[in-house]
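Trainee: Mind looking over this structure? Questions follow.
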Amino acid sequence: MSRHSITERHMRAMLDVVDEARHTTTGEIPPLPLLKGLGQLIPCDIAEFSEIDLPTRRVLASQAVEYGGHYPEPDDTLWWRWKHQHPHCADVERSHGYIDVAQLSDYMGMRDFRNLALYSEYMRPFVNMIVLALPTAPGRIRMYHFSRERTQPFTDRDRLTLQLLRPHINTIYREAARRRREPVQLTPRELDVLRAVANGLSTEAIARQFVVSTSTIRKHLENVFRKLDVSSRTAAVARIFPEPEPEAEAYGP
């Protein structure tokens with residue numbers, strides 16, 4: 001499918017969504033008008049954004065805009081119970097968000113999906129979903145997802161729209177996060193320890209590098225967690241060190 005499959009009118013609507021989101025300064029991460037605009041570009045019953053820190057099971061961000069009616073609040077307990085059956089979540093977690101736009105029908109047939117406990121206990125009545133994932137630190141899921149009750153799959157234009165918008169959406173997210181981020185005062189040694197964690201070193205390896213005991217390193221990490229109000233190494237690293245800009249080819253063809 002070529003870019004010419006998107007009409008000039010639709011392209012203008014896409015640019016309007018991006019422009020409005022970039023000029024939104026309400027402090028939301030990401031800006032809520034972005035989700036609302038995407039939900040109008042991609043016909044759906046509900047448009048959602050979610051960001052989750054998997055090691056701590058903390059929901060870092062959750063947004064939803066309903067178009068098909070009012071839906072009950074999802075049960076987080078059921079999501080954690082059946083998350084392993086969700087093909088999107090598994091792929092996003094495994095790739096850290098560096099995957100192509102995909103919908104459920106790319107993974108399985110509708111009959112197979114309806115036979116899953118994930119559907120019957122958590123996702124019902126939605127039988128179709130298309131997902132745009134954003135790059136993030138290991139141990140996190142950050143994605144936009146658009147769901148439909150009807151069996152008609154999302155179109156090639158829907159997929160292409162999200163593919164073309166993904167770099168802009170990622171930029172908008174990162175700009176909003178930078179505006180919101182408050183300065184945190186870490187000591188030089190705490191920064192050194194956290195940088196070593198970001199490089200994948202274990203507590204023992206960091207202790208050897210700085211010629212101190214492992215208990216000293218653990219104490220530094222405890223202080224870092226307290227100052228950052230996080231409870232995992234993954235969250236601390238993501239909070240302090242900016243994530244690398246994604247390479248264009250990392251998203252796939």
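Residues are named by chain letter and number: chains run A, B, ... in the order of the structure tokens, numbers start at 1 in each chain, and ligands are numbered from 1 in the order shown.
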List every residue of region 63-98 of chain A that DSSP, applied to the backbone, labels as helix (DSSP H, G or I), and write the result as a list in words.
Mentor: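 Taking region 63-98 of chain A and keeping helix (DSSP H, G or I) gives Asp76, Thr77, Leu78, Trp79, Trp80, Arg81, Trp82, Lys83, His84, Gln85, Pro87, His88, Cys89, Ala90, Asp91, Val92, Glu93, Arg94 and Ser95 of chain A.
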Trainee: Just write the chosen residues, C-alpha atoms, as a short mmCIF file (atom, residue, chain, number, x, y, z; two decimals), in the first residue's frame.
Mentor:
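Result file selection-v3.cif:
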```cif
data_model
loop_
_atom_site.label_atom_id
_atom_site.label_comp_id
_atom_site.auth_asym_id
_atom_site.auth_seq_id
_atom_site.Cartn_x
_atom_site.Cartn_y
_atom_site.Cartn_z
CA ASP A 76 -6.84 -4.64 36.45
CA THR A 77 -6.66 -7.96 38.29
CA LEU A 78 -8.04 -9.77 35.25
CA TRP A 79 -5.63 -7.96 32.95
CA TRP A 80 -2.64 -9.15 34.94
CA ARG A 81 -4.10 -12.66 35.09
CA TRP A 82 -4.54 -12.95 31.30
CA LYS A 83 -1.90 -10.53 30.01
CA HIS A 84 0.17 -13.45 28.69
CA GLN A 85 -2.65 -14.24 26.23
CA PRO A 87 -0.41 -10.95 21.60
CA HIS A 88 0.13 -7.20 21.43
CA CYS A 89 1.35 -6.93 25.01
CA ALA A 90 3.71 -9.87 24.55
CA ASP A 91 5.23 -8.33 21.42
CA VAL A 92 5.48 -4.82 22.87
CA GLU A 93 7.17 -6.14 26.01
CA ARG A 94 9.59 -8.31 24.07
CA SER A 95 10.54 -5.57 21.58
#
```
Trainee: Out of A:Gln63, A:Thr7, A:Gln103, A:Asn223, which residue has the shortest atom-to-atom distance to Arg159 (chain A) when counting only C-alpha atoms?
Mentor: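 With only C-alpha atoms as the atom set, the closest residue is A:Gln103.
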Trainee: Just the residues within 12 Å of region 164-166 of chain A, please, counting only C-alpha atoms, with nothing from its chain fewer than 3 positions along; format it as a PDB file with C-alpha atoms, in the first residue's frame.
Mentor:
```pdb
ATOM      1  CA  SER A   2       1.435   3.406  -0.955  1.00  0.00           C
ATOM      2  CA  ARG A   3       1.157   6.746   0.740  1.00  0.00           C
ATOM      3  CA  ILE A   6      -4.365   8.470   1.948  1.00  0.00           C
ATOM      4  CA  MET A  11      -3.620  13.997   5.490  1.00  0.00           C
ATOM      5  CA  ALA A  13      -6.795  15.951   9.331  1.00  0.00           C
ATOM      6  CA  MET A  14      -3.689  14.059  10.478  1.00  0.00           C
ATOM      7  CA  LEU A  15      -1.639  17.258  10.492  1.00  0.00           C
ATOM      8  CA  ASP A  16      -4.363  19.050  12.468  1.00  0.00           C
ATOM      9  CA  VAL A  17      -4.265  16.334  15.156  1.00  0.00           C
ATOM     10  CA  VAL A  18      -0.481  16.643  15.457  1.00  0.00           C
ATOM     11  CA  ASP A  19      -0.586  20.443  15.526  1.00  0.00           C
ATOM     12  CA  LEU A  34      -3.798  13.601  20.808  1.00  0.00           C
ATOM     13  CA  GLY A  37      -7.783  13.196  17.546  1.00  0.00           C
ATOM     14  CA  LEU A  38      -6.435   9.729  16.845  1.00  0.00           C
ATOM     15  CA  LEU A  41      -8.884   9.424  12.515  1.00  0.00           C
ATOM     16  CA  ILE A  42      -9.164   5.704  13.324  1.00  0.00           C
ATOM     17  CA  GLY A  97       7.999  -0.963  21.601  1.00  0.00           C
ATOM     18  CA  TYR A  98      10.107  -1.290  18.458  1.00  0.00           C
ATOM     19  CA  ILE A  99       7.453  -3.101  16.424  1.00  0.00           C
ATOM     20  CA  ASP A 100       5.199  -2.284  13.524  1.00  0.00           C
ATOM     21  CA  VAL A 101       1.571  -1.238  13.871  1.00  0.00           C
ATOM     22  CA  VAL A 131      -2.078  -1.075  18.431  1.00  0.00           C
ATOM     23  CA  LEU A 132       0.601   1.566  17.997  1.00  0.00           C
ATOM     24  CA  ALA A 133       3.480   0.977  20.410  1.00  0.00           C
ATOM     25  CA  LEU A 134       6.035   3.604  21.402  1.00  0.00           C
ATOM     26  CA  PRO A 135       9.662   2.839  22.290  1.00  0.00           C
ATOM     27  CA  MET A 143       1.025   2.049  23.588  1.00  0.00           C
ATOM     28  CA  TYR A 144      -2.068   3.466  21.941  1.00  0.00           C
ATOM     29  CA  ARG A 157      -5.630   3.189   5.674  1.00  0.00           C
ATOM     30  CA  ASP A 158      -6.033   2.928   9.466  1.00  0.00           C
ATOM     31  CA  ARG A 159      -2.747   1.056   9.711  1.00  0.00           C
ATOM     32  CA  LEU A 160      -0.935   3.447   7.376  1.00  0.00           C
ATOM     33  CA  THR A 161      -2.283   6.460   9.263  1.00  0.00           C
ATOM     34  CA  ILE A 169       3.361  10.867  18.275  1.00  0.00           C
ATOM     35  CA  ASN A 170       6.591   9.718  19.889  1.00  0.00           C
ATOM     36  CA  THR A 171       8.023  13.249  19.667  1.00  0.00           C
ATOM     37  CA  ILE A 172       4.871  14.724  21.224  1.00  0.00           C
ATOM     38  CA  TYR A 173       5.057  12.212  24.078  1.00  0.00           C
ATOM     39  CA  PRO A 246      14.344   5.368  17.854  1.00  0.00           C
ATOM     40  CA  ALA A 248      13.588   4.843  11.626  1.00  0.00           C
ATOM     41  CA  TYR A 251       9.878  -0.029  13.341  1.00  0.00           C
ATOM     42  CA  PRO A 253       9.106  -2.102   6.894  1.00  0.00           C
TER      43      PRO A 253
END
```
Trainee: What does the structure give for the distance between CA of Ser202 (chain A) and CA of Thr56 (chain A), in Å to one decimal?
Mentor: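 Separating CA of Ser202 (chain A) from CA of Thr56 (chain A) is a distance of 18.8 Å.
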Trainee: Record the distance separating CA of Pro43 (chain A) and CA of Phe146 (chain A), expressed in Å with one decimal.
Mentor: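 Straight-line distance from CA of Pro43 (chain A) to CA of Phe146 (chain A) works out to 8.3 Å.
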Trainee: Could you name the residues that touch Arg114 (chain A) at 10 Å or less, counting only C-alpha atoms, but leaving out those on the same chain fewer than 5 positions away, as a PyMOL selection string?
Mentor: chain A and resi 109+119-120+123-127
Trainee: May I ask which of the residues A:Asn115, A:Thr25, A:Asn199, A:Asn128 is the closest one to Thr234 (chain A), counting only C-alpha atoms?
Mentor: A:Asn199
Trainee: Taking only region 121-246 of chain A into account, list the residues labelled strand (DSSP E or B) by DSSP (computed from the backbone), as JSON, numbers by chain.
Mentor: {"A": [128, 129, 130, 131, 132, 133, 140, 141, 142, 143, 144, 145, 146, 147, 148]}
Trainee: For Arg239 (chain A), find every residue with an atom within 10 Å (counting only C-alpha atoms), except residues of its own chain fewer than 5 positions away, and show them as a list of chain:residue names.
Mentor: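 Counting only the stated atoms, we get A:Ala137, A:Ala177, A:Arg181, A:Val184, A:Leu228, A:Asp229, A:Val230, A:Arg233, A:Thr234.
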Trainee: Would you save the residues of that selection, restricted to all heavy atoms, as a PDB file, in the first residue's frame?
Mentor:
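Output (out19.pdb):
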```pdb
ATOM      1  N   ALA A 137      11.661   2.048  27.903  1.00  0.00           N
ATOM      2  CA  ALA A 137      12.685   1.281  28.595  1.00  0.00           C
ATOM      3  C   ALA A 137      12.239  -0.169  28.763  1.00  0.00           C
ATOM      4  O   ALA A 137      11.042  -0.463  28.777  1.00  0.00           O
ATOM      5  CB  ALA A 137      12.963   1.909  29.966  1.00  0.00           C
ATOM      6  N   ALA A 177       6.705  14.868  28.251  1.00  0.00           N
ATOM      7  CA  ALA A 177       7.399  14.307  29.412  1.00  0.00           C
ATOM      8  C   ALA A 177       8.505  15.230  29.892  1.00  0.00           C
ATOM      9  O   ALA A 177       8.709  15.404  31.098  1.00  0.00           O
ATOM     10  CB  ALA A 177       7.972  12.938  29.058  1.00  0.00           C
ATOM     11  N   ARG A 181       8.708  16.828  33.624  1.00  0.00           N
ATOM     12  CA  ARG A 181       9.731  16.272  34.511  1.00  0.00           C
ATOM     13  C   ARG A 181      10.286  17.339  35.444  1.00  0.00           C
ATOM     14  O   ARG A 181      10.730  18.392  35.028  1.00  0.00           O
ATOM     15  CB  ARG A 181      10.869  15.665  33.685  1.00  0.00           C
ATOM     16  CG  ARG A 181      11.886  14.918  34.524  1.00  0.00           C
ATOM     17  CD  ARG A 181      12.963  14.314  33.656  1.00  0.00           C
ATOM     18  NE  ARG A 181      12.428  13.271  32.811  1.00  0.00           N
ATOM     19  CZ  ARG A 181      12.509  13.272  31.483  1.00  0.00           C
ATOM     20  NH1 ARG A 181      13.078  14.267  30.848  1.00  0.00           N
ATOM     21  NH2 ARG A 181      11.999  12.276  30.781  1.00  0.00           N
ATOM     22  N   VAL A 184      15.471  16.492  39.837  1.00  0.00           N
ATOM     23  CA  VAL A 184      15.726  15.689  41.027  1.00  0.00           C
ATOM     24  C   VAL A 184      17.206  15.776  41.337  1.00  0.00           C
ATOM     25  O   VAL A 184      18.047  15.599  40.454  1.00  0.00           O
ATOM     26  CB  VAL A 184      15.313  14.216  40.808  1.00  0.00           C
ATOM     27  CG1 VAL A 184      15.681  13.381  42.026  1.00  0.00           C
ATOM     28  CG2 VAL A 184      13.822  14.124  40.524  1.00  0.00           C
ATOM     29  N   LEU A 228      13.344   9.509  43.756  1.00  0.00           N
ATOM     30  CA  LEU A 228      12.606   9.475  42.495  1.00  0.00           C
ATOM     31  C   LEU A 228      11.180   8.966  42.659  1.00  0.00           C
ATOM     32  O   LEU A 228      10.399   8.999  41.703  1.00  0.00           O
ATOM     33  CB  LEU A 228      13.337   8.592  41.480  1.00  0.00           C
ATOM     34  CG  LEU A 228      14.762   9.003  41.103  1.00  0.00           C
ATOM     35  CD1 LEU A 228      15.343   8.029  40.090  1.00  0.00           C
ATOM     36  CD2 LEU A 228      14.781  10.412  40.547  1.00  0.00           C
ATOM     37  N   ASP A 229      10.850   8.459  43.857  1.00  0.00           N
ATOM     38  CA  ASP A 229       9.533   7.882  44.117  1.00  0.00           C
ATOM     39  C   ASP A 229       9.247   6.729  43.155  1.00  0.00           C
ATOM     40  O   ASP A 229       8.188   6.636  42.524  1.00  0.00           O
ATOM     41  CB  ASP A 229       8.435   8.944  43.997  1.00  0.00           C
ATOM     42  CG  ASP A 229       7.083   8.440  44.487  1.00  0.00           C
ATOM     43  OD1 ASP A 229       7.069   7.538  45.351  1.00  0.00           O
ATOM     44  OD2 ASP A 229       6.046   8.930  44.000  1.00  0.00           O
ATOM     45  N   VAL A 230      10.238   5.836  43.031  1.00  0.00           N
ATOM     46  CA  VAL A 230      10.080   4.628  42.223  1.00  0.00           C
ATOM     47  C   VAL A 230      10.485   3.440  43.080  1.00  0.00           C
ATOM     48  O   VAL A 230      11.041   3.607  44.169  1.00  0.00           O
ATOM     49  CB  VAL A 230      10.936   4.673  40.936  1.00  0.00           C
ATOM     50  CG1 VAL A 230      10.518   5.847  40.055  1.00  0.00           C
ATOM     51  CG2 VAL A 230      12.422   4.752  41.278  1.00  0.00           C
ATOM     52  N   ARG A 233      14.697  -0.678  39.549  1.00  0.00           N
ATOM     53  CA  ARG A 233      15.833  -0.142  38.803  1.00  0.00           C
ATOM     54  C   ARG A 233      15.382   0.353  37.429  1.00  0.00           C
ATOM     55  O   ARG A 233      15.840   1.399  36.958  1.00  0.00           O
ATOM     56  CB  ARG A 233      16.906  -1.228  38.647  1.00  0.00           C
ATOM     57  CG  ARG A 233      17.523  -1.676  39.960  1.00  0.00           C
ATOM     58  CD  ARG A 233      18.607  -2.703  39.702  1.00  0.00           C
ATOM     59  NE  ARG A 233      19.275  -3.058  40.952  1.00  0.00           N
ATOM     60  CZ  ARG A 233      20.548  -3.412  41.037  1.00  0.00           C
ATOM     61  NH1 ARG A 233      21.291  -3.469  39.944  1.00  0.00           N
ATOM     62  NH2 ARG A 233      21.091  -3.711  42.200  1.00  0.00           N
ATOM     63  N   THR A 234      14.492  -0.405  36.800  1.00  0.00           N
ATOM     64  CA  THR A 234      14.009  -0.022  35.476  1.00  0.00           C
ATOM     65  C   THR A 234      13.354   1.346  35.504  1.00  0.00           C
ATOM     66  O   THR A 234      13.629   2.204  34.656  1.00  0.00           O
ATOM     67  CB  THR A 234      12.998  -1.062  34.958  1.00  0.00           C
ATOM     68  OG1 THR A 234      13.639  -2.328  34.849  1.00  0.00           O
ATOM     69  CG2 THR A 234      12.449  -0.659  33.608  1.00  0.00           C
TER      70      THR A 234
END
```
